[in-house]
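Pasted below: protein09.cif, mmCIF, C-alpha atoms, pLDDT in the B column; chains and numbers go by the auth columns.
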```cif
data_entry
#
loop_
_atom_site.group_PDB
_atom_site.id
_atom_site.type_symbol
_atom_site.label_atom_id
_atom_site.label_comp_id
_atom_site.label_asym_id
_atom_site.label_seq_id
_atom_site.Cartn_x
_atom_site.Cartn_y
_atom_site.Cartn_z
_atom_site.B_iso_or_equiv
_atom_site.auth_seq_id
_atom_site.auth_asym_id
ATOM 1 C CA MET A 1 -1.316 15.095 -17.734 41.00 1 D
ATOM 2 C CA LEU A 2 1.541 17.532 -18.142 43.00 2 D
ATOM 3 C CA GLN A 3 -0.592 20.255 -19.626 44.00 3 D
ATOM 4 C CA SER A 4 -3.679 19.918 -17.461 47.00 4 D
ATOM 5 C CA GLU A 5 -2.084 19.558 -14.021 58.00 5 D
ATOM 6 C CA HIS A 6 0.961 21.818 -14.344 62.00 6 D
ATOM 7 C CA PRO A 7 0.620 24.222 -17.297 68.00 7 D
ATOM 8 C CA GLU A 8 3.258 26.546 -15.835 72.00 8 D
ATOM 9 C CA LYS A 9 5.917 23.869 -16.349 70.00 9 D
ATOM 10 C CA LEU A 10 5.371 23.996 -20.113 72.00 10 D
ATOM 11 C CA LYS A 11 6.782 27.530 -20.182 78.00 11 D
ATOM 12 C CA ASP A 12 10.183 26.426 -18.864 80.00 12 D
ATOM 13 C CA PRO A 13 12.730 26.423 -21.763 85.00 13 D
ATOM 14 C CA LYS A 14 14.464 23.304 -20.405 82.00 14 D
ATOM 15 C CA ILE A 15 11.196 21.413 -20.430 79.00 15 D
ATOM 16 C CA GLN A 16 10.419 22.667 -23.941 81.00 16 D
ATOM 17 C CA ARG A 17 13.755 21.269 -25.202 84.00 17 D
ATOM 18 C CA GLN A 18 13.128 17.943 -23.498 80.00 18 D
ATOM 19 C CA LEU A 19 9.609 17.656 -24.923 79.00 19 D
ATOM 20 C CA LYS A 20 10.998 17.891 -28.449 83.00 20 D
ATOM 21 C CA LYS A 21 13.217 14.855 -27.771 84.00 21 D
ATOM 22 C CA LEU A 22 10.371 12.522 -26.786 84.00 22 D
ATOM 23 C CA ASN A 23 9.775 9.931 -29.509 85.00 23 D
ATOM 24 C CA THR A 24 8.237 6.878 -27.875 82.00 24 D
ATOM 25 C CA THR A 25 5.804 6.110 -25.115 78.00 25 D
ATOM 26 C CA GLU A 26 8.730 4.911 -23.016 81.00 26 D
ATOM 27 C CA ASP A 27 10.418 8.327 -23.406 83.00 27 D
ATOM 28 C CA VAL A 28 7.235 10.093 -22.333 79.00 28 D
ATOM 29 C CA LEU A 29 6.774 7.843 -19.289 78.00 29 D
ATOM 30 C CA LYS A 30 10.366 8.337 -18.127 81.00 30 D
ATOM 31 C CA PHE A 31 10.126 12.098 -18.625 78.00 31 D
ATOM 32 C CA ASN A 32 6.826 12.246 -16.781 75.00 32 D
ATOM 33 C CA GLU A 33 8.261 10.233 -13.898 75.00 33 D
ATOM 34 C CA LYS A 34 11.231 12.587 -13.570 74.00 34 D
ATOM 35 C CA LEU A 35 9.117 15.706 -13.854 69.00 35 D
ATOM 36 C CA PHE A 36 6.415 14.661 -11.416 66.00 36 D
ATOM 37 C CA GLN A 37 7.195 12.643 -8.334 61.00 37 D
ATOM 38 C CA GLN A 38 3.806 10.998 -8.062 53.00 38 D
ATOM 39 C CA SER A 39 2.557 9.146 -5.018 46.00 39 D
ATOM 40 C CA LYS A 40 2.183 5.379 -5.389 49.00 40 D
ATOM 41 C CA GLU A 41 -1.582 5.689 -5.138 49.00 41 D
ATOM 42 C CA ASN A 42 -1.687 8.268 -7.926 55.00 42 D
ATOM 43 C CA GLN A 43 0.570 6.113 -10.123 53.00 43 D
ATOM 44 C CA GLU A 44 -1.690 3.094 -9.653 53.00 44 D
ATOM 45 C CA ASN A 45 -4.764 5.114 -10.622 55.00 45 D
ATOM 46 C CA ASN A 46 -3.036 6.470 -13.726 54.00 46 D
ATOM 47 C CA GLN A 47 -1.838 3.028 -14.845 55.00 47 D
ATOM 48 C CA LYS A 48 -5.268 2.301 -16.301 56.00 48 D
ATOM 49 C CA LEU A 49 -4.812 5.157 -18.768 55.00 49 D
ATOM 50 C CA LYS A 50 -1.373 4.194 -20.108 70.00 50 D
ATOM 51 C CA THR A 51 -0.860 2.864 -23.590 80.00 51 D
ATOM 52 C CA TYR A 52 2.287 1.520 -25.205 86.00 52 D
ATOM 53 C CA ASP A 53 3.403 1.600 -28.802 87.00 53 D
ATOM 54 C CA LYS A 54 4.725 -1.511 -30.524 90.00 54 D
ATOM 55 C CA LYS A 55 8.327 -0.280 -30.474 90.00 55 D
ATOM 56 C CA THR A 56 8.246 0.191 -26.689 91.00 56 D
ATOM 57 C CA ILE A 57 6.564 -3.182 -26.109 93.00 57 D
ATOM 58 C CA LEU A 58 9.214 -4.979 -28.154 93.00 58 D
ATOM 59 C CA LYS A 59 11.958 -3.077 -26.367 92.00 59 D
ATOM 60 C CA LEU A 60 10.586 -4.137 -22.964 93.00 60 D
ATOM 61 C CA LEU A 61 10.253 -7.788 -24.025 95.00 61 D
ATOM 62 C CA GLN A 62 13.749 -7.864 -25.531 94.00 62 D
ATOM 63 C CA TYR A 63 15.162 -6.243 -22.386 93.00 63 D
ATOM 64 C CA GLN A 64 13.441 -8.912 -20.298 95.00 64 D
ATOM 65 C CA ASP A 65 14.883 -11.721 -22.441 95.00 65 D
ATOM 66 C CA LYS A 66 18.369 -10.225 -22.615 94.00 66 D
ATOM 67 C CA HIS A 67 18.670 -9.976 -18.831 95.00 67 D
ATOM 68 C CA GLY A 68 16.618 -13.065 -17.955 96.00 68 D
ATOM 69 C CA PHE A 69 14.151 -11.145 -15.823 95.00 69 D
ATOM 70 C CA SER A 70 10.928 -12.818 -14.743 96.00 70 D
ATOM 71 C CA THR A 71 7.541 -11.503 -15.773 95.00 71 D
ATOM 72 C CA SER A 72 6.840 -10.715 -12.114 94.00 72 D
ATOM 73 C CA TYR A 73 9.995 -8.605 -11.875 94.00 73 D
ATOM 74 C CA MET A 74 9.182 -6.694 -15.070 94.00 74 D
ATOM 75 C CA SER A 75 5.579 -6.092 -14.032 92.00 75 D
ATOM 76 C CA LYS A 76 6.676 -4.640 -10.695 91.00 76 D
ATOM 77 C CA LYS A 77 9.471 -2.571 -12.200 89.00 77 D
ATOM 78 C CA TYR A 78 7.330 -1.003 -14.939 88.00 78 D
ATOM 79 C CA LYS A 79 3.985 -1.173 -13.102 88.00 79 D
ATOM 80 C CA ILE A 80 2.406 -3.254 -15.856 90.00 80 D
ATOM 81 C CA SER A 81 0.345 -6.328 -15.040 91.00 81 D
ATOM 82 C CA ARG A 82 1.858 -9.766 -15.536 94.00 82 D
ATOM 83 C CA THR A 83 -1.117 -10.626 -17.735 94.00 83 D
ATOM 84 C CA THR A 84 -0.294 -7.704 -20.017 92.00 84 D
ATOM 85 C CA PHE A 85 3.328 -8.862 -20.353 93.00 85 D
ATOM 86 C CA LEU A 86 2.204 -12.401 -21.144 94.00 86 D
ATOM 87 C CA ASN A 87 -0.309 -11.152 -23.715 93.00 87 D
ATOM 88 C CA TRP A 88 2.380 -9.007 -25.348 94.00 88 D
ATOM 89 C CA ARG A 89 4.711 -12.013 -25.488 94.00 89 D
ATOM 90 C CA LYS A 90 2.034 -14.078 -27.279 94.00 90 D
ATOM 91 C CA LEU A 91 1.141 -11.229 -29.604 92.00 91 D
ATOM 92 C CA PHE A 92 4.721 -10.383 -30.607 92.00 92 D
ATOM 93 C CA LYS A 93 6.201 -13.879 -30.338 90.00 93 D
ATOM 94 C CA GLU A 94 7.540 -13.814 -33.901 88.00 94 D
ATOM 95 C CA GLU A 95 9.153 -10.395 -33.576 87.00 95 D
ATOM 96 C CA ILE A 96 11.017 -10.797 -30.284 80.00 96 D
#
```

Can the structure in the file be given as structure tokens, please?
Amino acid sequence: MLQSEHPEKLKDPKIQRQLKKLNTTEDVLKFNEKLFQQSKENQENNQKLKTYDKKTILKLLQYQDKHGFSTSYMSKKYKISRTTFLNWRKLFKEEI
């Protein structure tokens, strides 16, 4: 997304430094959100294309448990379906 929609932003030295610091999917998503203020409609359309690495999934589930947040709250906050959260919980039950 970054490269195809706004290639001029890749030339900015500040952005170049930030890109080197991105290690997880969560980092990339946060950076993308800060860089591009997307409309809600655009965010919903792009949600279908998002993928999450195991480290990020576990981090989200542990965060949910630590703070006692409901699955509904987490799904709204991170724009991930409740079904996805529940499937992750089943899949990584042993590791949480």

field: For Met74 of chain D, the nearest of the candidates D:Thr51, D:Gln18, D:Gln62, D:Asn23, counting all atoms listed in the file
entry: D:Gln62

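If all atoms listed in the file are the atoms counted, then among D:Gln16, D:Tyr63, D:Glu95, D:Lys50 the closest residue to Ile80 of chain D is D:Lys50.
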
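Taking atom CA of Tyr78 of chain D and atom CA of Asp12 of chain D as the two end points, the separation is 27.9 Å.
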
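The result of the PyMOL selection byres ((chain D and resi 96) around 12) on the shown file is D:Lys54, D:Lys55, D:Thr56, D:Ile57, D:Leu58, D:Lys59, D:Leu60, D:Leu61, D:Gln62, D:Tyr63, D:Gln64, D:Asp65, D:Lys66, D:Trp88, D:Arg89, D:Lys90, D:Leu91, D:Phe92, D:Lys93, D:Glu94, D:Glu95.
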
Dump of C-alpha atoms for the selected residues, as a CSV table (one decimal), in the coordinates of the input:
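Now in part18.csv:
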```
chain,number,residue,atom,x,y,z
D,54,LYS,CA,4.7,-1.5,-30.5
D,55,LYS,CA,8.3,-0.3,-30.5
D,56,THR,CA,8.2,0.2,-26.7
D,57,ILE,CA,6.6,-3.2,-26.1
D,58,LEU,CA,9.2,-5.0,-28.2
D,59,LYS,CA,12.0,-3.1,-26.4
D,60,LEU,CA,10.6,-4.1,-23.0
D,61,LEU,CA,10.3,-7.8,-24.0
D,62,GLN,CA,13.7,-7.9,-25.5
D,63,TYR,CA,15.2,-6.2,-22.4
D,64,GLN,CA,13.4,-8.9,-20.3
D,65,ASP,CA,14.9,-11.7,-22.4
D,66,LYS,CA,18.4,-10.2,-22.6
D,88,TRP,CA,2.4,-9.0,-25.3
D,89,ARG,CA,4.7,-12.0,-25.5
D,90,LYS,CA,2.0,-14.1,-27.3
D,91,LEU,CA,1.1,-11.2,-29.6
D,92,PHE,CA,4.7,-10.4,-30.6
D,93,LYS,CA,6.2,-13.9,-30.3
D,94,GLU,CA,7.5,-13.8,-33.9
D,95,GLU,CA,9.2,-10.4,-33.6
```

task: Please indicate the distance in Å from atom CA of Ser70 of chain D to atom CA of Leu86 of chain D, rounded to one decimal place.
output: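 Spanning atom CA of Ser70 of chain D to atom CA of Leu86 of chain D is a straight-line distance of 10.8 Å.
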
task: Can you work out which one of D:His67, D:Lys79, D:Arg17, D:Lys11 has the shortest atom-to-atom distance to Leu29 of chain D, counting all atoms listed in the file?
output: D:Lys79

field: atom CA of Thr84 of chain D to atom CA of Leu22 of chain D, distance in Å rounded to a single decimal
entry: 23.8 Å

Residue nearest Tyr52 of chain D - candidates D:Asn87, D:Arg82, D:Glu26, D:Glu8, atoms counted: all atoms listed in the file: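 For Tyr52 of chain D, the nearest of the given residues is D:Glu26.
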